[in-house]
Amino acid sequence: MSQAVKKPGRPKKAQIDTLEVTLAKKYQAYIALGDQFLRGIDSQYPRVSNEHKVQLKHLIFSAAEEHRLWADVDNLLLSVQRHKTLTQQLIDVRDNVIISFVQLESIYTLILKSNSAETSTGQQSMPLESGPSIVNGSEWLSDFEENKTVISHWLKMQLHNHSAHEQALWLSATSHALRSALVIEDENSTITVDTIKNVRQIIRGILLSISKHKIDPLFKSQDKNQAGRPTLPIPTQLLRSEDSLLSTYRSYRLACQRLHRKSLSSQQVWEKNKHAIESTTLGRRTMPTLRVLINKQLGLKTERYCLTIDKEHIIEEFNRKNENKRGTKGRPALTYDQKVRKIDQQLDEVDALIKQQKTRFSTDTKSGLSFKQQTLEYQFIWLENKLKRQPLDSEQSQSKSANACLQYWSTSLEEIKSLK
């Protein structure tokens with residue numbers, strides 16, 4: 001049985017480790033948003049008892065959950081609107097769109113049931129006709145330009161003036177109509193970008209109404225006078241963060257089950273990985289400046305050597321391009337002499353920087369090497385790595401210049417070994 005070939009570079013990170021870091025980040029973001037929300041409650045209601053604060057939180061999160069679901073639909077439709085294949089993207093996100101709409105309709109059904117006693121005691125609920133009806137969703141959206149002014153005025157000025165029962169009645173019907181208008185059964189059906197934009201315009205109006213008239217009176221978020229899409233209220237962000245955290249935790253639990261590993265709590269995962277998400281020095285250590293310059297110097301010297309070997313070919317290629325340059329686009333090709341001068345200029349600049357490093361170099365390092373010894377060490381590492389990746393008998397090195405470069409590296413390496 002043949003042994004697995006080891007690939008160069010760092011080993012790939014295990015999926016479970018990636019999930020743990022992601023979970024730790026989401027837990028940290030969730031805790032930060034939770035603290036921000038609690039500070040907002042304490043600052044806005046300093047004299048309210050803890051029991052009343054609990055009731056307030058229930059009311060705030062009830063409105064925020066409604067806002068989150070509409071915002072989720074809006075985000076999904078935005079991804080459809082921006083996609084090059086509109087219909088296929090809508091089919092791909094269809095299930096998530098339907099789930100959000102069904103959850104919204106369930107919320108409104110609960111509101112209607114909880115307020116049924118109120119309507120049965122003599123209070124009249126708003127007939128659907130008193131607001132703009134979107135029952136026949138597809139047909140209504142096709143004439144959206146005619147209905148846009150009506151729906152915009154309704155959402156901004158009128159909807160919030162009605163009772164919770166009446167609002168739920170209209171929003172439930174609207175949710176159902178929009179869901180029906182967006183349902184695509186197969187790839188043969190089509191949907192236009194205008195339809196998506198029209199649906200999103202209605203949803204943005206609903207989001208603004210919920211934020212302004214249901215959430216803001218209870219919990220005032222930060223200043224919203226910013227460019228771009230409106231920032232979600234903090235309660236909505238908190239619920240969305242919680243949902244994302246739970247989804248990631250479920251994936252983490254499944255990964256642990258597959259590996260027969262005991263799963264930790266979100267807090268335990270965060271404590272285990274917090275150094276990785278809080279550290280500012282993640283990844284490999286920064287390469288010393290001298291080593292960067294030595295690597296660049298050797299690369300330029302190799303390029304300069306290969307130019308000398310390929311001189312005839314470069315001149316022939318330039319002449320060929322020069323003959324057919326009429327009508328071609330892009331920068332003009334460089335002559336052999338221009339290429340040589342360009343590399344020589346770059347080499348002079350690198351050599352000057354290396355000399356500057358020599359004046360700053362100190363032997364008080366872990367290696368204890370002198371500047372010359374350290375330079376030879378870096379050159380040795382670079383050349384050895386090059387030859388390891390592309391040995392002299394490599395099938396990839398069939399060209400004259402490639403073989404010459406390999407021979408050049410091999411000779412240079414032997415010279416450095418004799419000097420060390």
# chains A, B, ... in the order shown; residues from 1 in each chain; ligands from 1

call {"tool": "residues_around", "arguments": {"residues": "His153 in chain A", "least_positions_apart": "5", "cutoff": "12 Å", "atoms": "only C-alpha atoms", "output": "list of chain:residue names"}}
result
A:Gly131, A:Pro132, A:Asn147, A:Lys148, A:Gln158, A:Leu159, A:His160, A:Ile202, A:Gly205, A:Ile206, A:Ser209

call {"tool": "write_last_selection", "arguments": {"atoms": "C-alpha atoms", "output": "CSV table (one decimal), in the first residue's frame"}}
result
chain,number,residue,atom,x,y,z
A,131,GLY,CA,-56.0,49.2,4.2
A,132,PRO,CA,-54.5,48.5,0.8
A,147,ASN,CA,-50.1,51.3,-5.8
A,148,LYS,CA,-46.8,52.5,-4.5
A,158,GLN,CA,-51.9,55.0,9.1
A,159,LEU,CA,-51.0,51.4,10.0
A,160,HIS,CA,-49.6,52.3,13.5
A,202,ILE,CA,-43.1,46.9,1.0
A,205,GLY,CA,-41.8,50.0,4.9
A,206,ILE,CA,-43.1,47.4,7.3
A,209,SER,CA,-43.1,51.0,10.9

call {"tool": "residues_around", "arguments": {"residues": "Ile416 in chain A", "least_positions_apart": "3", "cutoff": "9 Å", "atoms": "only C-alpha atoms", "output": "list in words"}}
result
Leu376, Glu377, Gln379, Phe380, Thr411, Ser412, Leu413, Leu419 and Lys420 of chain A

call {"tool": "closest_residue", "arguments": {"among": "A:Gln55, A:Ala402, A:Lys386, A:Leu290", "to": "Leu307 in chain A", "atoms": "only C-alpha atoms"}}
result
A:Ala402

call {"tool": "closest_residue", "arguments": {"among": "A:Asp348, A:Asp310, A:Asp95, A:Asp17", "to": "Ala404 in chain A", "atoms": "only C-alpha atoms"}}
result
A:Asp310

call {"tool": "atom_distance", "arguments": {"atom1": "CA of Val292 in chain A", "atom2": "CA of Asn403 in chain A"}}
result
25.2 Å

call {"tool": "atom_distance", "arguments": {"atom1": "CA of Lys274 in chain A", "atom2": "CA of Leu19 in chain A"}}
result
13.4 Å

call {"tool": "closest_residue", "arguments": {"among": "A:Leu110, A:Val21, A:Val199, A:Met157", "to": "Ala177 in chain A", "atoms": "only C-alpha atoms"}}
result
A:Val199

call {"tool": "closest_residue", "arguments": {"among": "A:Thr375, A:Gln268, A:Asn319, A:Thr289", "to": "Gln28 in chain A", "atoms": "only C-alpha atoms"}}
result
A:Gln268

call {"tool": "closest_residue", "arguments": {"among": "A:Ile60, A:Leu171, A:Ile196, A:Leu33", "to": "Leu77 in chain A", "atoms": "only C-alpha atoms"}}
result
A:Ile196

call {"tool": "select_by_dssp", "arguments": {"residues": "range 223-252 of chain A", "states": "alpha helix (DSSP H)", "output": "list in words"}}
result
Ile234, Pro235, Thr236, Gln237, Leu238, Leu239, Arg240, Ser241, Glu242, Asp243, Ser244, Leu245, Leu246, Ser247, Thr248, Tyr249, Arg250, Ser251 and Tyr252 of chain A

call {"tool": "decode", "arguments": {"residues": "range 290-321 of chain A", "atoms": "N, CA and C atoms", "output": "mmCIF file, in the first residue's frame"}}
result
data_model
loop_
_atom_site.group_PDB
_atom_site.id
_atom_site.type_symbol
_atom_site.label_atom_id
_atom_site.label_comp_id
_atom_site.auth_asym_id
_atom_site.auth_seq_id
_atom_site.Cartn_x
_atom_site.Cartn_y
_atom_site.Cartn_z
ATOM 1 N N LEU A 290 15.442 41.663 7.441
ATOM 2 C CA LEU A 290 16.648 41.233 6.720
ATOM 3 C C LEU A 290 16.363 39.998 5.874
ATOM 4 N N ARG A 291 15.601 39.067 6.422
ATOM 5 C CA ARG A 291 15.289 37.846 5.673
ATOM 6 C C ARG A 291 14.418 38.158 4.452
ATOM 7 N N VAL A 292 13.463 39.074 4.616
ATOM 8 C CA VAL A 292 12.621 39.492 3.484
ATOM 9 C C VAL A 292 13.481 40.072 2.365
ATOM 10 N N LEU A 293 14.443 40.914 2.749
ATOM 11 C CA LEU A 293 15.318 41.552 1.753
ATOM 12 C C LEU A 293 16.241 40.540 1.077
ATOM 13 N N ILE A 294 16.780 39.586 1.865
ATOM 14 C CA ILE A 294 17.657 38.555 1.293
ATOM 15 C C ILE A 294 16.873 37.706 0.291
ATOM 16 N N ASN A 295 15.639 37.330 0.662
ATOM 17 C CA ASN A 295 14.796 36.537 -0.244
ATOM 18 C C ASN A 295 14.539 37.284 -1.555
ATOM 19 N N LYS A 296 14.248 38.584 -1.422
ATOM 20 C CA LYS A 296 13.989 39.391 -2.619
ATOM 21 C C LYS A 296 15.246 39.523 -3.467
ATOM 22 N N GLN A 297 16.382 39.695 -2.808
ATOM 23 C CA GLN A 297 17.658 39.831 -3.521
ATOM 24 C C GLN A 297 17.967 38.565 -4.324
ATOM 25 N N LEU A 298 17.799 37.405 -3.699
ATOM 26 C CA LEU A 298 18.071 36.143 -4.389
ATOM 27 C C LEU A 298 17.096 35.916 -5.540
ATOM 28 N N GLY A 299 15.837 36.305 -5.333
ATOM 29 C CA GLY A 299 14.853 36.174 -6.406
ATOM 30 C C GLY A 299 15.205 37.031 -7.609
ATOM 31 N N LEU A 300 15.646 38.267 -7.357
ATOM 32 C CA LEU A 300 16.030 39.168 -8.449
ATOM 33 C C LEU A 300 17.297 38.685 -9.155
ATOM 34 N N LYS A 301 18.255 38.156 -8.380
ATOM 35 C CA LYS A 301 19.482 37.632 -8.988
ATOM 36 C C LYS A 301 19.177 36.434 -9.884
ATOM 37 N N THR A 302 18.249 35.589 -9.426
ATOM 38 C CA THR A 302 17.834 34.443 -10.241
ATOM 39 C C THR A 302 17.174 34.911 -11.532
ATOM 40 N N GLU A 303 16.303 35.900 -11.409
ATOM 41 C CA GLU A 303 15.617 36.448 -12.583
ATOM 42 C C GLU A 303 16.625 37.058 -13.562
ATOM 43 N N ARG A 304 17.606 37.745 -13.013
ATOM 44 C CA ARG A 304 18.660 38.377 -13.844
ATOM 45 C C ARG A 304 19.476 37.312 -14.569
ATOM 46 N N TYR A 305 19.789 36.221 -13.881
ATOM 47 C CA TYR A 305 20.561 35.125 -14.480
ATOM 48 C C TYR A 305 19.763 34.448 -15.598
ATOM 49 N N CYS A 306 18.469 34.234 -15.340
ATOM 50 C CA CYS A 306 17.614 33.591 -16.349
ATOM 51 C C CYS A 306 17.447 34.468 -17.587
ATOM 52 N N LEU A 307 17.444 35.790 -17.388
ATOM 53 C CA LEU A 307 17.371 36.704 -18.538
ATOM 54 C C LEU A 307 18.582 36.520 -19.452
ATOM 55 N N THR A 308 19.750 36.355 -18.844
ATOM 56 C CA THR A 308 20.977 36.168 -19.630
ATOM 57 C C THR A 308 20.902 34.877 -20.443
ATOM 58 N N ILE A 309 20.385 33.820 -19.815
ATOM 59 C CA ILE A 309 20.264 32.531 -20.501
ATOM 60 C C ILE A 309 19.260 32.610 -21.647
ATOM 61 N N ASP A 310 18.177 33.347 -21.430
ATOM 62 C CA ASP A 310 17.073 33.431 -22.399
ATOM 63 C C ASP A 310 17.178 34.643 -23.318
ATOM 64 N N LYS A 311 18.353 35.237 -23.416
ATOM 65 C CA LYS A 311 18.496 36.501 -24.153
ATOM 66 C C LYS A 311 17.983 36.401 -25.592
ATOM 67 N N GLU A 312 18.404 35.378 -26.322
ATOM 68 C CA GLU A 312 18.002 35.241 -27.727
ATOM 69 C C GLU A 312 16.487 35.088 -27.860
ATOM 70 N N HIS A 313 15.912 34.265 -27.004
ATOM 71 C CA HIS A 313 14.463 34.029 -27.059
ATOM 72 C C HIS A 313 13.688 35.310 -26.751
ATOM 73 N N ILE A 314 14.163 36.086 -25.772
ATOM 74 C CA ILE A 314 13.481 37.335 -25.390
ATOM 75 C C ILE A 314 13.520 38.342 -26.532
ATOM 76 N N ILE A 315 14.675 38.444 -27.199
ATOM 77 C CA ILE A 315 14.802 39.385 -28.322
ATOM 78 C C ILE A 315 13.891 38.969 -29.474
ATOM 79 N N GLU A 316 13.853 37.662 -29.775
ATOM 80 C CA GLU A 316 12.973 37.164 -30.845
ATOM 81 C C GLU A 316 11.505 37.426 -30.518
ATOM 82 N N GLU A 317 11.120 37.193 -29.274
ATOM 83 C CA GLU A 317 9.727 37.403 -28.850
ATOM 84 C C GLU A 317 9.353 38.874 -28.942
ATOM 85 N N PHE A 318 10.285 39.752 -28.564
ATOM 86 C CA PHE A 318 10.009 41.191 -28.645
ATOM 87 C C PHE A 318 9.821 41.623 -30.100
ATOM 88 N N ASN A 319 10.684 41.142 -30.989
ATOM 89 C CA ASN A 319 10.572 41.495 -32.408
ATOM 90 C C ASN A 319 9.256 40.997 -32.997
ATOM 91 N N ARG A 320 8.854 39.790 -32.604
ATOM 92 C CA ARG A 320 7.590 39.235 -33.111
ATOM 93 C C ARG A 320 6.403 40.081 -32.666
ATOM 94 N N LYS A 321 6.392 40.461 -31.382
ATOM 95 C CA LYS A 321 5.296 41.291 -30.866
ATOM 96 C C LYS A 321 5.320 42.682 -31.483
#
